[in-house]
>>> print(open('final-v7.cif').read())   # mmCIF, C-alpha atoms and all ligand atoms
data_query
#
loop_
_atom_site.label_atom_id
_atom_site.label_comp_id
_atom_site.auth_asym_id
_atom_site.auth_seq_id
_atom_site.Cartn_x
_atom_site.Cartn_y
_atom_site.Cartn_z
CA MET A 19 139.02 75.30 72.74
CA ARG A 20 135.74 77.12 72.75
CA VAL A 21 134.29 79.60 75.23
CA TYR A 22 130.89 81.22 75.41
CA VAL A 23 130.39 84.82 76.57
CA THR A 24 126.83 85.55 77.72
CA ARG A 25 126.74 89.30 76.85
CA ARG A 26 128.28 91.50 74.19
CA LEU A 27 131.58 92.76 75.56
CA PRO A 28 134.22 94.94 73.86
CA SER A 29 136.53 92.67 71.87
CA ASP A 30 139.68 94.46 73.07
CA CYS A 31 138.76 93.45 76.65
CA LEU A 32 138.70 89.80 75.58
CA GLN A 33 142.14 89.68 73.94
CA SER A 34 143.65 87.33 76.53
CA LEU A 35 140.87 84.90 75.76
CA SER A 36 140.80 85.21 71.97
CA THR A 37 144.44 84.08 71.79
CA VAL A 38 143.63 80.76 73.52
CA ALA A 39 140.06 79.94 72.47
CA GLU A 40 137.40 80.46 69.88
CA ILE A 41 134.82 82.86 71.31
CA GLY A 42 131.08 82.49 70.87
CA MET A 43 129.15 85.49 72.19
CA TRP A 44 125.53 86.49 72.78
CA ARG A 45 125.33 89.65 70.65
CA GLU A 46 123.02 91.67 72.87
CA GLU A 47 124.37 93.99 75.54
CA ALA A 48 121.13 94.71 77.40
CA VAL A 49 119.09 91.55 76.86
CA PRO A 50 119.95 88.32 78.71
CA VAL A 51 120.77 85.26 76.70
CA PRO A 52 117.67 83.01 76.59
CA ASP A 53 118.00 79.87 78.65
CA ALA A 54 117.59 77.57 75.65
CA VAL A 55 120.38 79.36 73.76
CA LEU A 56 122.70 79.19 76.77
CA ARG A 57 122.05 75.47 77.18
CA GLU A 58 122.79 74.85 73.53
CA GLU A 59 125.98 76.95 73.65
CA VAL A 60 127.43 75.45 76.83
CA HIS A 61 127.09 71.97 75.36
CA SER A 62 130.30 72.45 73.37
CA ALA A 63 132.00 75.03 75.63
CA ASP A 64 135.22 74.53 77.60
CA GLY A 65 134.75 77.87 79.34
CA LEU A 66 131.91 80.22 80.20
CA LEU A 67 132.19 83.98 80.81
CA LEU A 68 128.98 85.17 82.40
CA ILE A 69 127.39 88.01 84.34
CA LEU A 70 125.27 88.04 87.47
CA THR A 71 121.93 87.58 85.75
CA ASP A 72 122.99 84.15 84.48
CA ARG A 73 122.54 81.20 86.84
CA VAL A 74 125.04 78.38 86.95
CA ASP A 75 123.23 75.52 88.65
CA ARG A 76 123.40 71.75 88.47
CA SER A 77 121.01 71.61 85.57
CA LEU A 78 123.15 73.98 83.47
CA LEU A 79 126.28 72.04 84.41
CA ASP A 80 124.56 68.82 83.31
CA ALA A 81 124.15 70.43 79.88
CA ALA A 82 127.88 71.32 79.74
CA PRO A 83 129.89 68.09 79.59
CA HIS A 84 133.19 69.75 78.54
CA LEU A 85 133.08 72.79 80.84
CA ARG A 86 136.33 73.35 82.76
CA ALA A 87 135.99 76.93 83.97
CA VAL A 88 133.36 79.58 84.63
CA SER A 89 134.28 83.21 85.12
CA THR A 90 131.80 85.83 86.27
CA MET A 91 132.16 89.52 85.49
CA SER A 92 131.16 90.43 89.04
CA VAL A 93 132.59 90.22 92.51
CA GLY A 94 129.47 88.47 93.86
CA TYR A 95 129.02 84.83 92.94
CA ASP A 96 125.74 83.90 94.62
CA HIS A 97 124.37 83.11 91.12
CA ILE A 98 126.86 80.25 90.79
CA ASP A 99 126.57 76.90 92.54
CA VAL A 100 130.24 76.84 93.52
CA ALA A 101 129.97 73.49 95.34
CA ALA A 102 128.52 71.84 92.23
CA CYS A 103 131.34 73.31 90.13
CA ARG A 104 133.96 72.04 92.61
CA GLU A 105 132.49 68.53 92.54
CA ARG A 106 133.01 68.49 88.78
CA GLY A 107 136.47 70.06 88.89
CA ILE A 108 135.23 73.27 87.23
CA ALA A 109 137.27 76.35 88.22
CA VAL A 110 135.27 79.45 89.24
CA GLY A 111 136.61 83.00 88.96
CA HIS A 112 135.28 86.47 89.82
CA THR A 113 136.37 90.12 89.61
CA PRO A 114 137.18 91.62 93.03
CA ASP A 115 139.57 94.58 93.60
CA VAL A 116 139.04 96.29 90.23
CA LEU A 117 135.57 97.46 91.34
CA THR A 118 136.22 98.21 95.00
CA GLU A 119 136.65 101.99 94.91
CA THR A 120 134.00 102.49 92.21
CA THR A 121 131.42 100.53 94.18
CA ALA A 122 132.32 102.37 97.38
CA ASP A 123 131.83 105.68 95.53
CA LEU A 124 128.33 104.62 94.46
CA CYS A 125 127.51 103.41 97.95
CA TRP A 126 128.63 106.77 99.31
CA ALA A 127 126.62 108.64 96.69
CA LEU A 128 123.57 106.59 97.69
CA LEU A 129 124.14 107.37 101.35
CA LEU A 130 124.53 111.10 100.72
CA GLY A 131 121.69 111.16 98.20
CA THR A 132 119.30 109.48 100.61
CA ALA A 133 120.32 111.51 103.65
CA ARG A 134 120.14 114.82 101.78
CA ARG A 135 117.09 113.95 99.67
CA LEU A 136 118.78 114.63 96.33
CA TYR A 137 116.26 112.72 94.27
CA GLN A 138 113.27 114.50 95.81
CA GLY A 139 115.06 117.81 95.31
CA GLN A 140 115.74 117.10 91.63
CA ARG A 141 112.13 116.03 91.13
CA ALA A 142 110.81 119.21 92.77
CA VAL A 143 112.91 121.39 90.46
CA VAL A 144 111.98 119.43 87.31
CA GLU A 145 108.28 119.17 88.17
CA GLY A 146 108.01 122.83 89.19
CA THR A 147 106.85 122.13 92.76
CA TRP A 148 109.80 124.04 94.21
CA GLY A 149 108.16 126.85 96.14
CA SER A 150 109.56 129.44 98.49
CA TRP A 151 112.67 128.75 100.58
CA ALA A 152 111.25 127.26 103.75
CA PRO A 153 112.96 126.47 107.04
CA PHE A 154 112.43 122.72 106.86
CA TYR A 155 111.86 122.22 103.15
CA LEU A 156 113.29 118.81 102.17
CA ALA A 157 115.34 118.80 105.35
CA GLY A 158 117.38 115.62 105.53
CA GLN A 159 119.85 114.07 107.94
CA ASP A 160 123.43 115.11 108.61
CA VAL A 161 126.10 112.64 107.57
CA HIS A 162 129.24 114.18 109.08
CA HIS A 163 130.06 113.22 112.67
CA LYS A 164 127.34 110.56 112.71
CA THR A 165 127.73 106.81 113.33
CA ILE A 166 127.97 104.45 110.39
CA GLY A 167 127.51 100.70 110.88
CA ILE A 168 129.01 98.59 108.12
CA VAL A 169 127.70 95.04 107.81
CA GLY A 170 130.53 93.23 106.02
CA LEU A 171 133.92 94.92 106.28
CA GLY A 172 135.39 93.27 103.19
CA ARG A 173 137.21 95.16 100.46
CA ILE A 174 134.25 97.42 99.60
CA GLY A 175 133.25 97.83 103.25
CA GLN A 176 136.76 99.03 104.05
CA ALA A 177 136.67 101.48 101.13
CA VAL A 178 133.36 102.83 102.47
CA ALA A 179 134.94 103.14 105.93
CA ARG A 180 137.75 105.25 104.43
CA ARG A 181 135.13 107.60 102.99
CA ALA A 182 133.40 107.73 106.39
CA GLN A 183 136.71 108.74 108.00
CA GLY A 184 136.71 111.79 105.72
CA PHE A 185 133.30 112.72 107.11
CA SER A 186 134.54 112.43 110.73
CA MET A 187 132.16 109.57 111.42
CA ARG A 188 132.25 106.99 114.18
CA ILE A 189 132.60 103.63 112.44
CA LEU A 190 131.12 100.36 113.68
CA TYR A 191 131.19 97.07 111.80
CA THR A 192 129.95 93.54 112.14
CA GLY A 193 130.59 90.27 110.37
CA PRO A 194 131.59 86.72 111.22
CA ARG A 195 134.72 87.89 113.09
CA PRO A 196 136.79 90.98 113.90
CA ARG A 197 139.23 91.94 111.12
CA SER A 198 142.77 93.26 111.45
CA GLU A 199 142.09 95.81 108.65
CA ALA A 200 139.59 97.53 110.96
CA GLU A 201 142.18 98.98 113.29
CA PRO A 202 143.77 101.59 110.98
CA LEU A 203 140.24 102.58 109.93
CA GLY A 204 139.26 103.17 113.54
CA ALA A 205 136.34 100.78 113.00
CA LEU A 206 134.96 99.05 116.09
CA TYR A 207 133.67 95.49 115.97
CA CYS A 208 130.26 94.85 117.55
CA SER A 209 127.29 92.51 117.34
CA LEU A 210 124.57 93.10 114.73
CA PRO A 211 122.00 94.19 117.38
CA THR A 212 124.46 96.74 118.83
CA LEU A 213 125.30 98.04 115.36
CA LEU A 214 121.61 98.38 114.49
CA ALA A 215 120.80 100.17 117.72
CA GLU A 216 123.70 102.64 117.53
CA SER A 217 124.09 103.46 113.84
CA ASP A 218 122.62 106.45 112.04
CA PHE A 219 123.51 104.69 108.78
CA VAL A 220 123.38 100.91 108.46
CA VAL A 221 125.26 99.93 105.30
CA LEU A 222 124.90 96.40 103.96
CA LEU A 223 127.85 95.05 102.00
CA ALA A 224 127.87 91.42 103.09
CA PRO A 225 127.89 88.66 100.49
CA LEU A 226 124.62 86.78 99.97
CA ARG A 227 124.91 83.31 101.49
CA PRO A 228 122.33 81.04 103.12
CA GLU A 229 123.30 82.53 106.51
CA THR A 230 122.93 86.16 105.32
CA HIS A 231 119.62 85.68 103.48
CA HIS A 232 117.12 88.14 105.07
CA LEU A 233 119.76 89.18 107.57
CA ILE A 234 117.66 92.33 107.99
CA GLY A 235 114.03 91.50 108.71
CA SER A 236 111.35 93.04 110.88
CA ALA A 237 113.13 92.20 114.18
CA GLU A 238 116.35 93.83 112.98
CA LEU A 239 114.57 96.87 111.57
CA ALA A 240 112.87 97.24 114.95
CA HIS A 241 116.33 97.51 116.54
CA MET A 242 117.22 100.49 114.34
CA ARG A 243 116.78 104.09 115.40
CA SER A 244 113.73 105.90 114.07
CA ASP A 245 115.98 108.51 112.41
CA ALA A 246 118.28 105.90 110.86
CA ILE A 247 118.87 105.16 107.20
CA LEU A 248 119.41 101.71 105.70
CA ILE A 249 121.73 101.47 102.68
CA ASN A 250 121.87 98.23 100.71
CA ALA A 251 124.65 98.04 98.13
CA GLY A 252 125.31 94.31 98.61
CA ARG A 253 122.56 91.98 97.46
CA GLY A 254 118.80 92.47 97.58
CA ALA A 255 118.01 89.31 99.51
CA LEU A 256 120.08 90.49 102.49
CA VAL A 257 116.88 92.40 103.32
CA ASP A 258 113.34 91.14 103.75
CA GLU A 259 111.84 93.77 101.42
CA ALA A 260 108.28 93.33 102.69
CA ALA A 261 109.51 94.04 106.23
CA LEU A 262 111.43 97.07 104.95
CA VAL A 263 108.33 98.47 103.25
CA ASP A 264 106.42 98.10 106.55
CA ALA A 265 109.19 99.72 108.62
CA LEU A 266 109.38 102.69 106.26
CA ALA A 267 105.62 103.07 105.93
CA MET A 268 105.24 103.01 109.74
CA GLU A 269 108.19 105.45 110.04
CA ARG A 270 110.06 103.00 112.24
CA ILE A 271 113.18 104.04 110.29
CA TRP A 272 113.75 107.31 108.42
CA GLY A 273 114.80 106.20 104.96
CA ALA A 274 116.50 103.72 102.70
CA GLY A 275 118.95 103.90 99.82
CA LEU A 276 118.90 100.78 97.69
CA ASP A 277 120.97 99.65 94.74
CA VAL A 278 119.95 95.98 94.84
CA TYR A 279 116.65 94.12 95.23
CA GLU A 280 115.23 90.69 95.87
CA ARG A 281 113.99 90.70 92.29
CA GLU A 282 115.80 92.67 89.58
CA PRO A 283 114.68 94.66 87.71
CA LEU A 284 112.48 95.98 90.51
CA PRO A 285 108.91 96.12 89.17
CA PRO A 286 107.90 99.79 88.75
CA ASP A 287 104.74 99.21 90.82
CA HIS A 288 106.74 97.92 93.80
CA PRO A 289 105.50 99.47 97.08
CA LEU A 290 109.06 100.61 97.92
CA LEU A 291 108.79 103.15 95.13
CA ARG A 292 105.74 104.80 96.67
CA LEU A 293 107.63 105.69 99.85
CA PRO A 294 108.92 109.25 100.06
CA ARG A 295 112.36 108.70 101.58
CA VAL A 296 113.54 105.82 99.44
CA VAL A 297 116.24 106.29 96.84
CA ALA A 298 116.27 103.38 94.42
CA LEU A 299 119.03 102.80 91.87
CA PRO A 300 119.20 100.05 89.23
CA HIS A 301 122.20 98.01 90.53
CA LEU A 302 124.83 100.57 89.50
CA GLY A 303 127.55 99.76 92.07
CA SER A 304 130.43 99.15 89.65
CA ALA A 305 128.91 100.97 86.68
CA THR A 306 131.63 103.23 85.31
CA VAL A 307 133.16 102.73 81.88
CA GLU A 308 136.66 102.24 83.30
CA THR A 309 135.58 99.72 85.92
CA ARG A 310 133.27 97.71 83.69
CA ARG A 311 136.10 97.45 81.13
CA ALA A 312 138.50 96.34 83.86
CA MET A 313 135.98 93.75 85.05
CA ALA A 314 135.50 92.38 81.53
CA ARG A 315 139.28 92.14 81.07
CA LEU A 316 139.76 90.39 84.40
CA ALA A 317 136.92 87.95 83.76
CA ALA A 318 138.52 87.07 80.40
CA GLU A 319 141.96 86.68 82.02
CA ASN A 320 140.58 84.39 84.74
CA LEU A 321 139.09 82.17 82.06
CA ALA A 322 142.23 82.21 79.90
CA ASP A 323 144.29 81.29 82.98
CA ALA A 324 142.15 78.27 83.78
CA LEU A 325 141.95 77.05 80.19
CA THR A 326 145.73 77.18 79.80
CA GLY A 327 146.32 75.21 82.99
CA ARG A 328 147.28 78.11 85.30
CA PRO A 329 145.56 79.06 88.53
CA MET A 330 143.03 81.84 87.94
CA ARG A 331 144.30 85.20 89.18
CA HIS A 332 141.04 85.69 91.07
CA PRO A 333 139.52 82.30 91.88
CA VAL A 334 136.44 82.14 94.09
C1 LIG B 1 127.87 93.42 91.46
O1 LIG B 1 126.90 93.38 92.13
C2 LIG B 1 128.96 92.50 91.58
O2 LIG B 1 128.84 91.50 92.29
O3 LIG B 1 129.98 92.73 90.91
#
>>> encode(input="final-v7.cif", output="structure tokens")
Amino acid sequence: MRVYVTRRLPSDCLQSLSTVAEIGMWREEAVPVPDAVLREEVHSADGLLLILTDRVDRSLLDAAPHLRAVSTMSVGYDHIDVAACRERGIAVGHTPDVLTETTADLCWALLLGTARRLYQGQRAVVEGTWGSWAPFYLAGQDVHHKTIGIVGLGRIGQAVARRAQGFSMRILYTGPRPRSEAEPLGALYCSLPTLLAESDFVVLLAPLRPETHHLIGSAELAHMRSDAILINAGRGALVDEAALVDALAMERIWGAGLDVYEREPLPPDHPLLRLPRVVALPHLGSATVETRRAMARLAAENLADALTGRPMRHPV
């Protein structure tokens, strides 16, 4: 059997796979595999281990007549046409759980960093614009005892709620339905408009699906409080970015902390980056050495499972 891996990954993380298949790998770590190379490689592949910058659509599947399993090194799978894979009997796996706490840590860092203006503070020190101590110099927003509204109380949303408990926050959440896990977290279920109107921090952690595309647009931003902060650690297209730029520029909301964007990498001339109370990170949610290694291992195990006739340990 033959599998193709679309980025350079540590070989010790791929051991489960190397015992069952021959591995072809794109040798770059930071440069995506060109489309033409991927098409050529999948032609003879039984399995594909990919990351979230690679798209698995019908046209790629048409070029992969032997493909039996795809495994993404990510929890999100909006880059994979799962229905098209199912139609062809191709198993799809992803990497939840191993990144939950790490991603919640980053989301919390983004929330604190935005509320307390860490990036502007660092820039002032480095650029030498730090003047005298002043009563309202770089004054931000309190986090403790405020209301957090979590859109999507899945694994990562729950881990963020646990962090919010430590900050004595009131916790609201919304999603398709109330969840039993909310009760021990003291999280209250409400509608999206209520969450937007009552939250000091609106945290987006919902998966990207057709029904969540641009979940937050100008009408929703208008529901938010003028001192509220929007945090997006889910997927960029949950937010209508043009509407967000307008809301921030008009000071209809106070600030935004973003780890994900409609288009990644975010172009450096993007208007979001000219706004003073925006913290923008380059999609770092799960980016620790331990977690990225665990994700690579799990993605390889999912693929090895499927290719040896077992159910994947984390199927989509
Ligand atoms: C990262 O965004 C992931 O889906 O793992």
>>> closest_atom_pairs(input="final-v7.cif", of="chain A", to="ligand LIG 1 (chain B)", cutoff="8 Å", atoms="only C-alpha atoms and all ligand atoms", output="CSV")
residue,atom,partner,partner_atom,distance
A:Leu70,CA,B:LIG1,O2,6.9
A:Met91,CA,B:LIG1,O3,6.7
A:Ser92,CA,B:LIG1,O3,3.2
A:Val93,CA,B:LIG1,O3,4.0
A:Gly94,CA,B:LIG1,O2,3.5
A:Tyr95,CA,B:LIG1,O2,6.7
A:Thr113,CA,B:LIG1,O3,7.0
A:Pro114,CA,B:LIG1,O3,7.6
A:Leu117,CA,B:LIG1,O3,7.3
A:Ala251,CA,B:LIG1,O1,7.9
A:Gly252,CA,B:LIG1,O1,6.7
A:Arg253,CA,B:LIG1,O1,7.0
A:Val278,CA,B:LIG1,O1,7.9
A:His301,CA,B:LIG1,O1,6.8
A:Leu302,CA,B:LIG1,O1,7.9
A:Gly303,CA,B:LIG1,C1,6.4
A:Ser304,CA,B:LIG1,C1,6.5
>>> closest_atom_pairs(input="final-v7.cif", of="segment 214-240 of chain A", to="segment 189-199 of chain A", cutoff="10 Å", atoms="all atoms listed in the file", output="Markdown table")
| residue | atom | partner | partner_atom | distance |
| --- | --- | --- | --- | --- |
| A:Leu214 | CA | A:Leu190 | CA | 9.7 |
| A:Glu216 | CA | A:Leu190 | CA | 8.7 |
| A:Ser217 | CA | A:Leu190 | CA | 7.7 |
| A:Phe219 | CA | A:Ile189 | CA | 9.9 |
| A:Val220 | CA | A:Tyr191 | CA | 9.3 |
| A:Val221 | CA | A:Tyr191 | CA | 9.3 |
| A:Ala224 | CA | A:Gly193 | CA | 7.9 |
>>> residues_near_point(input="final-v7.cif", point="(137.3, 91.4, 79.3)", cutoff="8 Å", atoms="only C-alpha atoms", output="PyMOL selection string")
chain A and resi 27-33+311-319
>>> closest_atom_pairs(input="final-v7.cif", of="segment 66-140 of chain A", to="segment 320-331 of chain A", cutoff="7 Å", atoms="all atoms listed in the file", output="Markdown table")
| residue | atom | partner | partner_atom | distance |
| --- | --- | --- | --- | --- |
| A:Ala87 | CA | A:Ala324 | CA | 6.3 |
| A:Val88 | CA | A:Leu321 | CA | 6.8 |
| A:Ser89 | CA | A:Leu321 | CA | 5.8 |
| A:Ala109 | CA | A:Ala324 | CA | 6.9 |
| A:Gly111 | CA | A:Asn320 | CA | 6.0 |
>>> residues_around(input="final-v7.cif", residues="segment 184-186 of chain A", least_positions_apart="5", cutoff="8 Å", atoms="all atoms listed in the file", output="number ranges by chain")
A: 161-164
>>> residues_around(input="final-v7.cif", residues="Ile69 of chain A", least_positions_apart="2", cutoff="8 Å", atoms="all atoms listed in the file", output="ChimeraX atom specification")
/A:24-25,67,71-72,90-92
>>> residues_around(input="final-v7.cif", residues="His231 of chain A", least_positions_apart="3", cutoff="8 Å", atoms="all atoms listed in the file", output="list in words")
Leu226, Arg227, Pro228, Ala255, Leu256 and Val257 of chain A
>>> closest_residue(input="final-v7.cif", among="A:Met187, A:Leu124, A:Ile174, A:Leu210", to="Thr230 of chain A", atoms="only C-alpha atoms")
A:Leu210
>>> atom_distance(input="final-v7.cif", atom1="atom CA of Ala127 of chain A", atom2="atom CA of Leu171 of chain A")
18.3 Å
>>> atom_distance(input="final-v7.cif", atom1="atom CA of Val178 of chain A", atom2="atom CA of Leu290 of chain A")
24.8 Å
>>> residues_around(input="final-v7.cif", residues="segment 73-81 of chain A", least_positions_apart="3", cutoff="7 Å", atoms="all atoms listed in the file", output="PyMOL selection string")
chain A and resi 57+60-61+97-99+102
>>> residues_around(input="final-v7.cif", residues="Trp44 of chain A", least_positions_apart="6", cutoff="10 Å", atoms="all atoms listed in the file", output="mmCIF file with C-alpha atoms, in the coordinates of the input")
data_model
loop_
_atom_site.group_PDB
_atom_site.id
_atom_site.type_symbol
_atom_site.label_atom_id
_atom_site.label_comp_id
_atom_site.auth_asym_id
_atom_site.auth_seq_id
_atom_site.Cartn_x
_atom_site.Cartn_y
_atom_site.Cartn_z
ATOM 1 C CA TYR A 22 130.890 81.220 75.410
ATOM 2 C CA VAL A 23 130.390 84.820 76.570
ATOM 3 C CA THR A 24 126.830 85.550 77.720
ATOM 4 C CA ARG A 25 126.740 89.300 76.850
ATOM 5 C CA ARG A 26 128.280 91.500 74.190
ATOM 6 C CA LEU A 27 131.580 92.760 75.560
ATOM 7 C CA PRO A 50 119.950 88.320 78.710
ATOM 8 C CA VAL A 51 120.770 85.260 76.700
ATOM 9 C CA PRO A 52 117.670 83.010 76.590
ATOM 10 C CA VAL A 55 120.380 79.360 73.760
ATOM 11 C CA LEU A 56 122.700 79.190 76.770
ATOM 12 C CA GLU A 59 125.980 76.950 73.650
#
>>> axis_aligned_box(input="final-v7.cif", around="segment 309-313 of chain A", padding_each_side="6 Å", output="lines of an AutoDock Vina configuration file")
center_x = 135.9
center_y = 96.7
center_z = 83.5
size_x = 17.2
size_y = 18.0
size_z = 16.8
>>> atom_distance(input="final-v7.cif", atom1="atom CA of Ser236 of chain A", atom2="atom CA of Leu222 of chain A")
15.6 Å
>>> closest_residue(input="final-v7.cif", among="A:Gly275, A:Gly167, A:Pro286, A:Gly42", to="Ala179 of chain A", atoms="all atoms listed in the file")
A:Gly167
>>> closest_residue(input="final-v7.cif", among="A:Leu276, A:Leu129, A:Met19, A:Leu299", to="Asp218 of chain A", atoms="all atoms listed in the file")
A:Leu129
>>> closest_residue(input="final-v7.cif", among="A:Asp258, A:Gly172, A:Ile41, A:Ala177", to="Leu223 of chain A", atoms="only C-alpha atoms")
A:Gly172
>>> build_atoms(input="final-v7.cif", residues="segment 183-205 of chain A", atoms="N, CA and C atoms", output="compact mmCIF listing (two decimals), in the coordinates of the input")
# COMPACT_ATOMS: atom_id res chain seq x y z
N GLN A 183 135.69 108.04 107.23
CA GLN A 183 136.71 108.74 108.00
C GLN A 183 136.78 110.21 107.56
N GLY A 184 136.67 110.43 106.25
CA GLY A 184 136.71 111.79 105.72
C GLY A 184 135.54 112.63 106.17
N PHE A 185 134.48 112.00 106.61
CA PHE A 185 133.30 112.72 107.11
C PHE A 185 133.26 112.71 108.64
N SER A 186 134.42 112.42 109.26
CA SER A 186 134.54 112.43 110.73
C SER A 186 133.49 111.57 111.41
N MET A 187 133.23 110.41 110.85
CA MET A 187 132.16 109.57 111.42
C MET A 187 132.74 108.55 112.40
N ARG A 188 131.92 108.14 113.34
CA ARG A 188 132.25 106.99 114.18
C ARG A 188 131.88 105.75 113.35
N ILE A 189 132.80 104.78 113.33
CA ILE A 189 132.60 103.63 112.44
C ILE A 189 132.47 102.34 113.24
N LEU A 190 131.34 101.68 113.09
CA LEU A 190 131.12 100.36 113.68
C LEU A 190 131.07 99.35 112.54
N TYR A 191 131.38 98.10 112.83
CA TYR A 191 131.19 97.07 111.80
C TYR A 191 130.85 95.76 112.46
N THR A 192 130.22 94.89 111.68
CA THR A 192 129.95 93.54 112.14
C THR A 192 130.19 92.57 110.99
N GLY A 193 130.28 91.32 111.34
CA GLY A 193 130.59 90.27 110.37
C GLY A 193 130.90 89.02 111.16
N PRO A 194 131.34 87.97 110.48
CA PRO A 194 131.59 86.72 111.22
C PRO A 194 132.66 86.87 112.30
N ARG A 195 133.64 87.74 112.10
CA ARG A 195 134.72 87.89 113.09
C ARG A 195 135.36 89.27 112.95
N PRO A 196 136.07 89.71 114.03
CA PRO A 196 136.79 90.98 113.90
C PRO A 196 137.88 90.85 112.83
N ARG A 197 138.23 91.97 112.19
CA ARG A 197 139.23 91.94 111.12
C ARG A 197 140.37 92.88 111.45
N SER A 198 141.59 92.44 111.13
CA SER A 198 142.77 93.26 111.45
C SER A 198 142.74 94.58 110.67
N GLU A 199 142.12 94.58 109.46
CA GLU A 199 142.09 95.81 108.65
C GLU A 199 141.28 96.91 109.32
N ALA A 200 140.49 96.54 110.34
CA ALA A 200 139.59 97.53 110.96
C ALA A 200 140.37 98.56 111.78
N GLU A 201 141.48 98.11 112.33
CA GLU A 201 142.18 98.98 113.29
C GLU A 201 142.63 100.31 112.69
N PRO A 202 143.37 100.29 111.55
CA PRO A 202 143.77 101.59 110.98
C PRO A 202 142.57 102.44 110.53
N LEU A 203 141.43 101.82 110.34
CA LEU A 203 140.24 102.58 109.93
C LEU A 203 139.50 103.14 111.14
N GLY A 204 139.95 102.74 112.32
CA GLY A 204 139.26 103.17 113.54
C GLY A 204 137.87 102.57 113.63
N ALA A 205 137.67 101.41 113.01
CA ALA A 205 136.34 100.78 113.00
C ALA A 205 136.24 99.80 114.17
